>>> print(open('target.cif').read())   # mmCIF, C-alpha atoms and all ligand atoms
data_protein
#
loop_
_atom_site.label_atom_id
_atom_site.label_comp_id
_atom_site.auth_asym_id
_atom_site.auth_seq_id
_atom_site.Cartn_x
_atom_site.Cartn_y
_atom_site.Cartn_z
CA MET E 108 24.47 -56.96 -64.18
CA THR E 109 26.11 -60.34 -64.47
CA SER E 110 29.24 -61.14 -66.43
CA GLY E 111 29.26 -63.14 -69.65
CA ARG E 112 30.87 -66.40 -68.47
CA GLU E 113 28.93 -69.60 -69.15
CA ALA E 114 25.55 -67.79 -68.99
CA PRO E 115 26.69 -64.63 -70.83
CA VAL E 116 25.77 -61.16 -69.66
CA ARG E 117 22.11 -61.12 -68.91
CA SER E 118 20.01 -58.80 -70.97
CA GLY E 119 16.69 -59.07 -72.76
CA GLU E 120 17.96 -62.15 -74.61
CA PRO E 121 19.80 -65.02 -72.96
CA ASP E 122 22.70 -65.42 -75.31
CA GLU E 123 24.22 -62.06 -76.07
CA PRO E 124 28.01 -62.14 -76.34
CA LEU E 125 30.52 -59.55 -75.29
CA ALA E 126 31.19 -57.30 -78.29
CA ILE E 127 34.81 -56.34 -78.91
CA ILE E 128 35.19 -53.38 -81.25
CA GLY E 129 38.50 -53.56 -83.12
CA GLY E 130 40.60 -56.56 -84.13
CA GLY E 131 44.04 -55.09 -83.42
CA VAL E 132 46.49 -56.56 -80.92
CA GLY E 133 44.49 -55.31 -77.91
CA GLY E 134 41.10 -56.51 -79.16
CA LEU E 135 42.43 -59.91 -80.19
CA THR E 136 44.24 -60.45 -76.89
CA ALA E 137 41.11 -59.45 -74.97
CA ALA E 138 39.04 -61.82 -77.12
CA LEU E 139 41.40 -64.72 -76.48
CA ALA E 140 41.62 -64.00 -72.75
CA LEU E 141 37.84 -63.79 -72.42
CA GLN E 142 37.40 -67.01 -74.39
CA ARG E 143 40.01 -68.63 -72.17
CA PHE E 144 37.89 -67.74 -69.11
CA GLY E 145 34.73 -69.13 -70.69
CA PHE E 146 33.10 -66.02 -72.14
CA ARG E 147 31.53 -65.86 -75.57
CA VAL E 148 32.85 -62.92 -77.57
CA THR E 149 32.39 -61.41 -81.01
CA VAL E 150 35.07 -59.17 -82.52
CA PHE E 151 33.81 -56.46 -84.89
CA GLU E 152 36.56 -55.13 -87.16
CA GLN E 153 36.16 -52.35 -89.71
CA ALA E 154 38.67 -53.83 -92.16
CA HIS E 155 37.62 -56.17 -94.96
CA GLN E 156 40.50 -58.50 -94.15
CA LEU E 157 42.08 -59.49 -90.84
CA ARG E 158 45.66 -58.49 -91.37
CA GLU E 159 48.33 -56.25 -89.94
CA ILE E 160 50.47 -53.81 -91.88
CA GLY E 161 53.98 -54.97 -92.55
CA ALA E 162 56.05 -53.56 -89.75
CA GLY E 163 57.75 -54.69 -86.58
CA VAL E 164 56.67 -54.60 -82.96
CA THR E 165 58.72 -55.13 -79.83
CA ILE E 166 57.23 -57.63 -77.40
CA THR E 167 58.95 -57.37 -74.04
CA PRO E 168 58.68 -59.98 -71.22
CA ASN E 169 55.81 -58.18 -69.48
CA ALA E 170 53.57 -58.72 -72.54
CA MET E 171 55.10 -62.09 -73.39
CA HIS E 172 53.83 -63.39 -70.02
CA ALA E 173 50.29 -62.74 -71.27
CA LEU E 174 50.94 -64.39 -74.62
CA ASP E 175 52.46 -67.39 -72.84
CA PHE E 176 49.48 -67.63 -70.48
CA LEU E 177 47.16 -67.57 -73.50
CA GLY E 178 49.18 -70.24 -75.29
CA VAL E 179 50.41 -68.15 -78.23
CA GLY E 180 53.78 -67.06 -76.83
CA PRO E 181 55.78 -70.03 -78.15
CA ARG E 182 54.52 -69.47 -81.70
CA VAL E 183 55.47 -65.78 -81.61
CA VAL E 184 58.90 -66.59 -80.17
CA ASP E 185 59.42 -69.31 -82.74
CA ALA E 186 58.55 -67.02 -85.66
CA SER E 187 60.64 -64.11 -84.36
CA GLY E 188 63.69 -65.46 -82.55
CA PRO E 189 65.06 -63.80 -79.41
CA ALA E 190 65.82 -60.07 -79.64
CA PRO E 191 69.54 -59.35 -79.57
CA ARG E 192 70.84 -56.89 -76.99
CA TYR E 193 69.92 -53.35 -78.01
CA ALA E 194 72.08 -50.24 -77.84
CA VAL E 195 70.96 -46.63 -77.74
CA CYS E 196 73.44 -44.54 -79.78
CA ASP E 197 73.97 -40.89 -80.62
CA THR E 198 74.34 -39.60 -84.16
CA ASP E 199 78.10 -40.27 -84.05
CA GLY E 200 77.31 -43.93 -83.34
CA ARG E 201 78.56 -43.67 -79.72
CA ILE E 202 76.76 -46.10 -77.40
CA LEU E 203 74.83 -44.25 -74.70
CA GLU E 204 72.99 -47.18 -73.11
CA LEU E 205 72.95 -50.95 -73.51
CA GLY E 206 69.87 -53.08 -72.96
CA PRO E 207 69.92 -56.22 -70.80
CA PRO E 208 71.98 -59.06 -72.34
CA THR E 209 69.79 -61.45 -74.34
CA GLU E 210 70.82 -64.53 -72.35
CA GLU E 211 69.77 -62.85 -69.09
CA ILE E 212 66.22 -62.02 -70.16
CA LEU E 213 64.55 -65.39 -69.65
CA PRO E 214 66.19 -66.17 -66.28
CA ALA E 215 65.56 -62.64 -65.02
CA PHE E 216 61.97 -62.18 -66.15
CA GLY E 217 60.63 -65.66 -66.87
CA ALA E 218 59.49 -64.74 -70.38
CA ALA E 219 61.12 -63.96 -73.71
CA TYR E 220 61.81 -60.61 -75.40
CA VAL E 221 61.26 -60.65 -79.15
CA ASN E 222 61.00 -58.24 -82.04
CA ALA E 223 58.06 -59.60 -84.00
CA ARG E 224 56.70 -58.93 -87.42
CA ARG E 225 53.26 -57.53 -86.60
CA ALA E 226 51.63 -59.91 -89.06
CA ASP E 227 53.09 -62.91 -87.18
CA LEU E 228 51.77 -61.72 -83.81
CA HIS E 229 48.41 -60.96 -85.36
CA ALA E 230 48.17 -64.34 -87.10
CA ALA E 231 49.00 -66.20 -83.87
CA LEU E 232 46.19 -64.40 -82.03
CA VAL E 233 43.67 -64.74 -84.87
CA ASP E 234 44.30 -68.46 -85.29
CA ALA E 235 43.95 -69.03 -81.55
CA ILE E 236 40.60 -67.24 -81.24
CA LEU E 237 39.19 -68.82 -84.41
CA ALA E 238 40.25 -72.25 -83.17
CA ARG E 239 38.04 -71.69 -80.13
CA ASP E 240 35.16 -70.16 -82.12
CA PRO E 241 35.33 -70.01 -85.94
CA ASP E 242 32.45 -67.48 -86.06
CA CYS E 243 33.72 -64.98 -83.54
CA VAL E 244 35.13 -62.37 -85.95
CA ARG E 245 32.96 -60.10 -88.10
CA LEU E 246 34.85 -58.12 -90.71
CA ASN E 247 33.61 -55.04 -92.57
CA HIS E 248 31.88 -53.85 -89.37
CA ARG E 249 32.84 -50.24 -88.73
CA PHE E 250 31.37 -49.27 -85.40
CA GLU E 251 29.36 -46.05 -85.54
CA HIS E 252 27.18 -45.66 -82.48
CA LEU E 253 25.97 -47.31 -79.30
CA GLU E 254 23.31 -46.77 -76.70
CA GLN E 255 23.18 -48.70 -73.46
CA ASP E 256 20.45 -49.43 -70.95
CA ALA E 257 20.41 -51.41 -67.73
CA GLU E 258 20.30 -54.72 -69.57
CA GLY E 259 22.51 -54.41 -72.60
CA VAL E 260 24.00 -52.29 -75.37
CA ASP E 261 22.60 -51.57 -78.84
CA LEU E 262 25.32 -51.12 -81.46
CA ARG E 263 25.13 -49.69 -84.97
CA PHE E 264 27.69 -50.31 -87.71
CA GLY E 265 28.56 -48.52 -90.95
CA ASN E 266 27.25 -51.44 -93.02
CA GLY E 267 23.78 -50.83 -91.61
CA GLU E 268 23.83 -53.78 -89.22
CA ARG E 269 22.50 -53.33 -85.69
CA ILE E 270 23.18 -55.78 -82.90
CA ARG E 271 22.55 -56.01 -79.19
CA ALA E 272 25.38 -57.07 -76.89
CA GLY E 273 25.65 -57.75 -73.21
CA ALA E 274 28.67 -55.46 -72.94
CA VAL E 275 31.14 -53.69 -75.21
CA ILE E 276 34.94 -53.49 -75.08
CA GLY E 277 36.22 -50.59 -77.21
CA CYS E 278 39.57 -51.69 -78.67
CA ASP E 279 39.38 -49.46 -81.71
CA GLY E 280 42.75 -47.75 -81.39
CA GLY E 281 44.02 -44.23 -80.87
CA ALA E 282 41.16 -42.49 -82.68
CA SER E 283 38.58 -44.69 -80.91
CA ARG E 284 35.01 -43.98 -81.88
CA VAL E 285 33.75 -45.97 -78.89
CA ARG E 286 35.64 -43.52 -76.71
CA SER E 287 34.18 -40.52 -78.54
CA VAL E 288 30.62 -41.85 -78.33
CA VAL E 289 30.80 -42.81 -74.66
CA PHE E 290 33.15 -40.22 -73.20
CA GLY E 291 32.64 -37.26 -75.52
CA ARG E 292 34.16 -36.12 -78.74
CA GLU E 293 37.74 -34.94 -78.37
CA GLU E 294 40.11 -34.13 -81.21
CA VAL E 295 42.89 -36.57 -82.03
CA ALA E 296 45.72 -34.07 -82.43
CA TYR E 297 48.74 -34.33 -84.71
CA THR E 298 51.84 -34.33 -82.46
CA GLY E 299 54.26 -32.57 -84.81
CA GLN E 300 56.04 -35.91 -85.43
CA THR E 301 56.11 -37.88 -88.67
CA ALA E 302 57.27 -41.49 -88.95
CA PHE E 303 58.89 -43.30 -91.89
CA ARG E 304 58.78 -47.09 -91.89
CA ALA E 305 60.01 -49.93 -94.09
CA LEU E 306 60.89 -53.60 -93.97
CA VAL E 307 64.15 -54.32 -95.78
CA PRO E 308 64.98 -57.90 -96.92
CA ALA E 309 68.10 -59.25 -95.21
CA SER E 310 69.83 -59.70 -98.58
CA ALA E 311 69.77 -55.90 -99.09
CA VAL E 312 70.86 -54.91 -95.56
CA PRO E 313 74.43 -53.54 -95.22
CA ALA E 314 76.84 -55.87 -93.40
CA GLU E 315 77.56 -53.27 -90.68
CA ILE E 316 73.86 -53.23 -89.80
CA ILE E 317 73.62 -57.03 -89.77
CA ALA E 318 76.56 -57.03 -87.31
CA THR E 319 74.70 -54.75 -84.87
CA PRO E 320 71.08 -55.38 -85.78
CA TYR E 321 69.26 -53.73 -82.87
CA ARG E 322 70.02 -50.03 -82.51
CA LEU E 323 68.11 -46.96 -81.45
CA TYR E 324 69.68 -43.68 -82.57
CA VAL E 325 68.73 -40.44 -80.88
CA GLY E 326 69.44 -37.11 -82.52
CA ARG E 327 68.27 -33.53 -82.39
CA GLY E 328 64.66 -33.62 -83.52
CA ARG E 329 64.93 -37.21 -84.78
CA THR E 330 65.02 -40.85 -83.71
CA LEU E 331 65.68 -43.95 -85.74
CA ILE E 332 65.42 -47.59 -84.75
CA HIS E 333 66.23 -50.76 -86.66
CA TYR E 334 65.86 -54.37 -85.64
CA GLU E 335 65.50 -57.78 -87.29
CA VAL E 336 62.19 -59.62 -87.45
CA ARG E 337 61.40 -63.16 -88.59
CA ARG E 338 64.71 -64.52 -87.32
CA GLY E 339 66.65 -62.07 -89.45
CA GLU E 340 64.70 -62.44 -92.69
CA LEU E 341 63.74 -58.77 -92.63
CA MET E 342 65.11 -55.60 -91.05
CA ASN E 343 62.45 -53.32 -89.58
CA LEU E 344 63.34 -49.65 -89.97
CA LEU E 345 61.52 -46.76 -88.33
CA GLY E 346 62.61 -43.11 -88.39
CA ILE E 347 60.71 -40.29 -86.70
CA VAL E 348 61.19 -36.58 -87.40
CA LEU E 349 59.72 -33.33 -86.17
CA GLU E 350 57.46 -32.01 -88.90
CA PRO E 351 55.21 -29.13 -87.95
CA ASN E 352 52.98 -29.25 -91.02
CA TRP E 353 51.13 -32.46 -91.68
CA GLN E 354 47.79 -32.73 -93.41
CA ALA E 355 47.38 -36.26 -94.73
CA GLU E 356 45.38 -39.00 -93.00
CA GLY E 357 46.36 -42.65 -93.00
CA TRP E 358 49.08 -45.08 -91.97
CA SER E 359 50.46 -46.06 -95.32
CA ILE E 360 51.26 -42.96 -97.32
CA PRO E 361 54.02 -43.81 -99.83
CA ALA E 362 57.27 -41.92 -99.23
CA GLU E 363 60.50 -41.43 -101.16
CA PRO E 364 63.81 -42.74 -99.72
CA ALA E 365 65.44 -39.40 -100.69
CA GLU E 366 63.06 -37.58 -98.39
CA PHE E 367 63.88 -40.01 -95.55
CA LEU E 368 67.59 -39.75 -96.24
CA ASP E 369 67.53 -35.94 -96.24
CA GLN E 370 66.20 -35.96 -92.70
CA PHE E 371 68.93 -38.34 -91.48
CA ALA E 372 71.89 -36.99 -93.47
CA ASP E 373 74.02 -36.53 -90.32
CA PHE E 374 73.35 -40.05 -88.98
CA PRO E 375 76.12 -42.70 -89.17
CA ALA E 376 77.04 -44.09 -92.61
CA PRO E 377 75.58 -47.61 -92.02
CA VAL E 378 72.20 -46.07 -91.20
CA ARG E 379 72.26 -44.00 -94.40
CA LYS E 380 73.20 -47.13 -96.35
CA LEU E 381 70.26 -48.94 -94.79
CA ILE E 382 67.87 -46.17 -95.85
CA HIS E 383 69.37 -46.40 -99.38
CA ALA E 384 68.65 -50.13 -99.34
CA VAL E 385 64.87 -49.72 -98.85
CA PRO E 386 63.30 -51.42 -101.89
CA PRO E 387 61.33 -49.12 -104.21
CA GLY E 388 57.69 -48.82 -103.23
CA SER E 389 58.15 -50.13 -99.70
CA LEU E 390 58.68 -46.91 -97.75
CA TYR E 391 55.68 -45.40 -95.98
CA LYS E 392 55.07 -42.47 -93.68
CA TRP E 393 52.38 -41.19 -91.41
CA GLY E 394 51.75 -38.42 -88.89
CA LEU E 395 51.73 -39.49 -85.24
CA ARG E 396 48.56 -38.44 -83.49
CA ASP E 397 47.70 -38.28 -79.83
CA ARG E 398 44.93 -37.92 -77.29
CA ASP E 399 45.15 -37.57 -73.53
CA PRO E 400 44.70 -40.73 -71.45
CA LEU E 401 41.12 -41.33 -70.32
CA ASP E 402 40.44 -40.49 -66.66
CA THR E 403 37.71 -43.13 -66.54
CA TRP E 404 38.02 -46.17 -68.76
CA THR E 405 34.62 -47.73 -68.24
CA SER E 406 31.03 -46.54 -68.18
CA GLY E 407 28.23 -48.96 -67.33
CA ARG E 408 28.43 -51.83 -69.80
CA VAL E 409 31.19 -50.29 -71.91
CA ALA E 410 34.94 -50.51 -71.29
CA THR E 411 37.90 -49.21 -73.29
CA LEU E 412 41.22 -51.00 -73.75
CA GLY E 413 44.60 -50.44 -75.40
CA ASP E 414 45.11 -47.28 -77.44
CA ALA E 415 41.38 -46.53 -77.18
CA ALA E 416 41.93 -45.77 -73.49
CA HIS E 417 45.56 -44.61 -73.64
CA PRO E 418 46.95 -43.98 -77.15
CA PHE E 419 50.69 -44.58 -77.03
CA LEU E 420 53.36 -42.79 -79.01
CA PRO E 421 56.08 -45.27 -80.01
CA PHE E 422 58.97 -43.88 -77.94
CA LEU E 423 58.92 -46.48 -75.15
CA GLY E 424 58.09 -49.36 -77.51
CA GLN E 425 55.27 -50.36 -75.15
CA GLY E 426 51.88 -49.45 -76.67
CA ALA E 427 51.15 -52.92 -78.01
CA CYS E 428 52.63 -54.54 -74.90
CA ILE E 429 50.38 -52.50 -72.63
CA ALA E 430 47.33 -53.33 -74.79
CA ILE E 431 48.24 -57.03 -74.46
CA GLU E 432 48.54 -56.63 -70.67
CA ASP E 433 45.14 -54.88 -70.59
CA GLY E 434 43.55 -57.74 -72.54
CA LEU E 435 44.62 -60.45 -70.12
CA VAL E 436 43.84 -58.43 -66.98
CA LEU E 437 40.36 -57.64 -68.35
CA GLY E 438 39.70 -61.37 -68.82
CA ARG E 439 40.97 -62.16 -65.34
CA ALA E 440 38.93 -59.34 -63.77
CA LEU E 441 35.65 -60.39 -65.42
CA ALA E 442 36.31 -64.02 -64.52
CA ALA E 443 36.96 -63.08 -60.90
CA THR E 444 33.62 -61.33 -60.36
CA PRO E 445 30.03 -62.45 -60.86
CA ASP E 446 29.06 -58.93 -61.77
CA LEU E 447 30.08 -57.07 -64.92
CA GLU E 448 30.28 -53.67 -63.28
CA GLN E 449 32.55 -55.00 -60.54
CA GLY E 450 34.68 -56.75 -63.14
CA PHE E 451 35.13 -53.57 -65.17
CA ALA E 452 35.92 -51.65 -61.98
CA ARG E 453 38.61 -54.18 -61.00
CA TYR E 454 40.07 -54.11 -64.49
CA GLU E 455 40.27 -50.32 -64.49
CA ALA E 456 41.69 -50.20 -60.96
CA ALA E 457 44.37 -52.77 -61.83
CA ARG E 458 45.45 -51.11 -65.06
CA LYS E 459 44.85 -47.39 -65.15
CA GLN E 460 47.81 -46.07 -63.20
CA ARG E 461 50.36 -48.17 -65.11
CA ALA E 462 48.92 -47.62 -68.57
CA ASN E 463 47.97 -43.94 -68.32
CA GLY E 464 51.28 -43.14 -66.61
CA LEU E 465 53.28 -44.90 -69.30
CA GLN E 466 51.35 -43.17 -72.07
CA LEU E 467 52.47 -39.83 -70.64
CA ALA E 468 56.00 -41.19 -70.07
CA SER E 469 56.14 -42.17 -73.72
CA ARG E 470 55.47 -38.56 -74.75
CA GLU E 471 58.19 -37.36 -72.41
CA GLN E 472 60.58 -39.96 -73.77
CA ALA E 473 60.25 -38.37 -77.23
CA ARG E 474 61.45 -35.08 -75.81
CA HIS E 475 64.55 -36.76 -74.35
CA HIS E 476 65.33 -38.72 -77.50
CA GLN E 477 64.99 -35.69 -79.70
CA GLY E 478 66.72 -33.21 -77.44
CA VAL E 479 63.72 -30.94 -77.06
CA ALA E 480 63.58 -31.36 -73.27
CA GLY E 481 66.44 -28.87 -72.95
CA ASP E 482 69.27 -31.45 -72.79
CA ARG E 483 71.29 -33.14 -75.48
CA PRO E 484 69.41 -36.02 -77.10
CA GLY E 485 69.76 -39.09 -74.87
CA PRO E 486 68.22 -42.45 -73.95
CA GLY E 487 65.82 -40.84 -71.46
CA ASN E 488 64.27 -43.45 -69.21
CA THR E 489 63.84 -46.58 -71.33
CA ALA E 490 61.31 -49.35 -70.68
CA ALA E 491 64.12 -51.57 -69.36
CA ALA E 492 65.48 -48.83 -67.11
CA ARG E 493 61.98 -48.21 -65.74
CA GLY E 494 61.70 -51.86 -64.70
CA LEU E 495 58.64 -52.39 -66.91
CA PHE E 496 59.64 -55.94 -67.88
CA SER E 497 59.08 -57.23 -64.32
CA TYR E 498 55.30 -56.83 -64.50
CA ASN E 499 53.37 -60.05 -65.03
CA PRO E 500 49.72 -59.54 -66.10
CA ALA E 501 48.99 -63.23 -65.49
CA THR E 502 49.77 -62.99 -61.78
CA VAL E 503 49.47 -59.31 -60.81
CA PRO E 504 46.84 -58.91 -58.05
CA ILE E 505 43.49 -57.67 -59.38
C1 LIG E 601 55.45 -46.28 -85.43
C2 LIG E 601 54.95 -47.06 -84.28
C3 LIG E 601 55.75 -48.07 -83.75
C4 LIG E 601 55.31 -48.79 -82.64
N1 LIG E 601 56.13 -49.74 -82.12
C5 LIG E 601 55.72 -50.42 -81.03
C6 LIG E 601 56.55 -51.44 -80.45
O1 LIG E 601 57.64 -51.75 -80.95
N2 LIG E 601 56.10 -52.10 -79.33
C7 LIG E 601 54.88 -51.80 -78.78
O2 LIG E 601 54.52 -52.44 -77.76
N3 LIG E 601 54.08 -50.84 -79.31
C8 LIG E 601 54.46 -50.15 -80.42
N4 LIG E 601 53.66 -49.19 -80.94
C9 LIG E 601 52.36 -48.91 -80.33
C10 LIG E 601 51.33 -49.92 -80.79
O3 LIG E 601 51.33 -50.06 -82.17
C11 LIG E 601 49.92 -49.53 -80.36
O4 LIG E 601 49.95 -49.03 -79.05
C12 LIG E 601 49.03 -50.77 -80.44
O5 LIG E 601 48.87 -51.15 -81.79
C13 LIG E 601 47.67 -50.52 -79.81
O6 LIG E 601 46.86 -51.65 -80.02
P1 LIG E 601 45.28 -51.50 -80.07
O7 LIG E 601 44.75 -52.87 -80.34
O8 LIG E 601 44.81 -50.75 -78.89
O9 LIG E 601 44.99 -50.55 -81.33
P2 LIG E 601 45.28 -50.82 -82.87
O10 LIG E 601 46.45 -51.71 -83.05
O11 LIG E 601 45.31 -49.46 -83.49
O12 LIG E 601 44.00 -51.61 -83.38
C14 LIG E 601 42.74 -50.99 -83.49
C15 LIG E 601 41.86 -51.84 -84.40
O13 LIG E 601 40.53 -51.30 -84.39
C16 LIG E 601 40.04 -51.20 -85.70
N5 LIG E 601 39.07 -50.10 -85.73
C17 LIG E 601 39.32 -48.78 -85.63
N6 LIG E 601 38.17 -48.09 -85.66
C18 LIG E 601 37.17 -49.00 -85.76
C19 LIG E 601 35.75 -48.89 -85.83
N7 LIG E 601 35.11 -47.69 -85.80
N8 LIG E 601 35.00 -50.03 -85.94
C20 LIG E 601 35.63 -51.27 -85.98
N9 LIG E 601 36.98 -51.41 -85.94
C21 LIG E 601 37.74 -50.29 -85.81
C22 LIG E 601 41.29 -50.94 -86.54
O14 LIG E 601 41.08 -51.28 -87.90
C23 LIG E 601 42.31 -51.85 -85.85
O15 LIG E 601 42.25 -53.17 -86.35
C24 LIG E 601 54.06 -48.48 -82.04
C25 LIG E 601 53.24 -47.49 -82.60
C26 LIG E 601 53.69 -46.78 -83.70
C27 LIG E 601 52.81 -45.68 -84.25
#
>>> encode(input="target.cif", output="structure tokens")
Amino acid sequence: MTSGREAPVRSGEPDEPLAIIGGGVGGLTAALALQRFGFRVTVFEQAHQLREIGAGVTITPNAMHALDFLGVGPRVVDASGPAPRYAVCDTDGRILELGPPTEEILPAFGAAYVNARRADLHAALVDAILARDPDCVRLNHRFEHLEQDAEGVDLRFGNGERIRAGAVIGCDGGASRVRSVVFGREEVAYTGQTAFRALVPASAVPAEIIATPYRLYVGRGRTLIHYEVRRGELMNLLGIVLEPNWQAEGWSIPAEPAEFLDQFADFPAPVRKLIHAVPPGSLYKWGLRDRDPLDTWTSGRVATLGDAAHPFLPFLGQGACIAIEDGLVLGRALAATPDLEQGFARYEAARKQRANGLQLASREQARHHQGVAGDRPGPGNTAAARGLFSYNPATVPI
């Protein structure tokens, strides 16, 4: 097998691109990285529109290195502004841990730390890949099945289309169908945790929250985080509760502020005011689901990436960052080898320990935050405390 650079992966036909399944943050970063190294890629996304739901995402320096390398970092930083110093607090508002001071981030790590609106990150990546190839994204393509042989991969989509690709990168998220088809069906289990999320316009945010905009509260059976996105235009709010019974599917199930408030009635007054301030119709909830990390990420001409390989719970704030890291390292690994199989092997070897380990650490972090690990709720071992920001996917040996 040869890799897809210049003369793309050889198969029956000379010009078959690499197929990326899923246009989320991982798939788009992988697409941009592969383009950057001279590969031709096509992204197949199930949605009818390329857009991200309105919520926030923390981009720490480790992932920002990749965005900088790919040329989209400055736009994301510009849209977001630098993240203020965070504090982890208990339900009495006592500070348990402080993050690194904002002004020390760039000198210490060589890249910025921002809290981005997901849509801004997504738009920066989409614009960059379309600028390189305006035809490289196919919407309304829900991947259903694949079969591979020694020369290529046949793919089938829900809209009836069939295509042949030189290789496939499964970036289709935590319930990845690529993963199920290639590595065997395995249930995506509800974790017993339900999340509420909202974006609150700055004009409605209580002054006490504006004064300390980046806080993570830990409490028995609950966590709540708020931070500004878009340079303070909006306050991102996310609360997570233990909820044993959850039936509904989907990311955007409308929720009532009263229901959210009930769960956080013993949290500090500014937090309750912030929940009160959520505009009608803009609160959503969903059940967090989980799968074990994959022991093997690649099989022949198919690789998995991001949540498809290692679905992250949100408690370390690193799932998107790790998917971004994966995307760049995959591009570097394929560019460094003349052979696709070797490239996939180098990608997996470079990434698996970090990503799979952090997926499991993220689960454990929930238990610390919510006081179900036997201790009082606490900061656990945060991404900063673990030294995760020092990793640079643009220079790490592969
Ligand atoms: C509440 C919450 C908060 C979070 N906060 C943070 C944070 O602050 N920082 C951070 O780094 N991470 C955070 N994460 C984790 C992060 O969101 C994920 O780890 C990240 O989105 C994974 O990216 P991905 O591209 O692998 O998958 P996704 O973002 O899930 O993208 C998958 C894409 O594949 C598409 N797709 C799915 N199935 C198919 C199919 N069959 N055919 C075609 N397309 C398909 C989907 O439509 C989607 O576009 C958070 C997660 C949650 C739940």
>>> closest_residue(input="target.cif", among="E:Asp397, E:Asp402, E:Glu210, E:Glu152", to="Gly265 in chain E", atoms="only C-alpha atoms")
E:Glu152
>>> residues_near_ligand(input="target.cif", ligand="ligand LIG 601 (chain E)", cutoff="8 Å", atoms="all atoms listed in the file", output="PyMOL selection string")
chain E and resi 128-135+151-154+157+159+163-167+222+247-251+264+278-285+302-304+345+395+412-416+418-431
>>> closest_residue(input="target.cif", among="E:Leu341, E:Ala138, E:Cys243, E:Leu253", to="Leu306 in chain E", atoms="only C-alpha atoms")
E:Leu341
>>> closest_residue(input="target.cif", among="E:Ala410, E:Val179, E:Ala440, E:Val233", to="Arg286 in chain E", atoms="all atoms listed in the file")
E:Ala410
>>> closest_residue(input="target.cif", among="E:Ile316, E:Pro400, E:Leu437, E:Pro241", to="Phe144 in chain E", atoms="all atoms listed in the file")
E:Leu437
>>> residues_around(input="target.cif", residues="Gly188 in chain E", least_positions_apart="2", cutoff="7 Å", atoms="only C-alpha atoms", output="number ranges by chain")
E: 184-186, 190, 221, 337-338
>>> atom_distance(input="target.cif", atom1="CA of Thr198 in chain E", atom2="CA of Gly485 in chain E")
10.4 Å
>>> atom_distance(input="target.cif", atom1="CA of Ala226 in chain E", atom2="CA of Ala305 in chain E")
14.0 Å
>>> atom_distance(input="target.cif", atom1="CA of Ala231 in chain E", atom2="CA of Gly180 in chain E")
8.6 Å
>>> closest_residue(input="target.cif", among="E:Leu262, E:Met171, E:Val183, E:Ile382", to="Gly217 in chain E", atoms="all atoms listed in the file")
E:Met171
>>> residues_near_point(input="target.cif", point="(55.0, -34.2, -87.6)", cutoff="8 Å", atoms="all atoms listed in the file", output="ChimeraX atom specification")
/E:297-302,348-353,394-395
>>> write_last_selection(input="target.cif", atoms="C-alpha atoms", output="short mmCIF file (atom, residue, chain, number, x, y, z; two decimals), keeping the file's coordinate frame")
data_model
loop_
_atom_site.label_atom_id
_atom_site.label_comp_id
_atom_site.auth_asym_id
_atom_site.auth_seq_id
_atom_site.Cartn_x
_atom_site.Cartn_y
_atom_site.Cartn_z
CA TYR E 297 48.74 -34.33 -84.71
CA THR E 298 51.84 -34.33 -82.46
CA GLY E 299 54.26 -32.57 -84.81
CA GLN E 300 56.04 -35.91 -85.43
CA THR E 301 56.11 -37.88 -88.67
CA ALA E 302 57.27 -41.49 -88.95
CA VAL E 348 61.19 -36.58 -87.40
CA LEU E 349 59.72 -33.33 -86.17
CA GLU E 350 57.46 -32.01 -88.90
CA PRO E 351 55.21 -29.13 -87.95
CA ASN E 352 52.98 -29.25 -91.02
CA TRP E 353 51.13 -32.46 -91.68
CA GLY E 394 51.75 -38.42 -88.89
CA LEU E 395 51.73 -39.49 -85.24
#
>>> closest_residue(input="target.cif", among="E:Ser359, E:Thr411, E:Asp199, E:Gln370", to="Trp393 in chain E", atoms="only C-alpha atoms")
E:Ser359
>>> residues_around(input="target.cif", residues="Asp240 in chain E", least_positions_apart="3", cutoff="12 Å", atoms="only C-alpha atoms", output="NGL selection string")
:E and (138-139 or 141-143 or 145-150 or 233-237 or 243-245)
>>> residues_around(input="target.cif", residues="Glu340 in chain E", least_positions_apart="4", cutoff="7 Å", atoms="all atoms listed in the file", output="list in words")
Pro308, Ala309 and Val336 of chain E
>>> build_atoms(input="target.cif", residues="range 154-159 of chain E", atoms="N, CA and C atoms", output="PDB file, in the coordinates of the input")
ATOM      1  N   ALA E 154      37.960 -53.454 -90.938  1.00  0.00           N
ATOM      2  CA  ALA E 154      38.670 -53.830 -92.160  1.00  0.00           C
ATOM      3  C   ALA E 154      37.951 -54.975 -92.879  1.00  0.00           C
ATOM      4  N   HIS E 155      38.215 -55.090 -94.172  1.00  0.00           N
ATOM      5  CA  HIS E 155      37.620 -56.170 -94.960  1.00  0.00           C
ATOM      6  C   HIS E 155      38.396 -57.466 -94.778  1.00  0.00           C
ATOM      7  N   GLN E 156      39.633 -57.331 -94.322  1.00  0.00           N
ATOM      8  CA  GLN E 156      40.500 -58.500 -94.150  1.00  0.00           C
ATOM      9  C   GLN E 156      41.144 -58.394 -92.776  1.00  0.00           C
ATOM     10  N   LEU E 157      41.370 -59.538 -92.112  1.00  0.00           N
ATOM     11  CA  LEU E 157      42.080 -59.490 -90.840  1.00  0.00           C
ATOM     12  C   LEU E 157      43.570 -59.567 -91.113  1.00  0.00           C
ATOM     13  N   ARG E 158      44.221 -58.430 -91.142  1.00  0.00           N
ATOM     14  CA  ARG E 158      45.660 -58.490 -91.370  1.00  0.00           C
ATOM     15  C   ARG E 158      46.309 -57.249 -90.762  1.00  0.00           C
ATOM     16  N   GLU E 159      47.575 -57.353 -90.512  1.00  0.00           N
ATOM     17  CA  GLU E 159      48.330 -56.250 -89.940  1.00  0.00           C
ATOM     18  C   GLU E 159      49.270 -55.688 -90.994  1.00  0.00           C
TER      19      GLU E 159
END
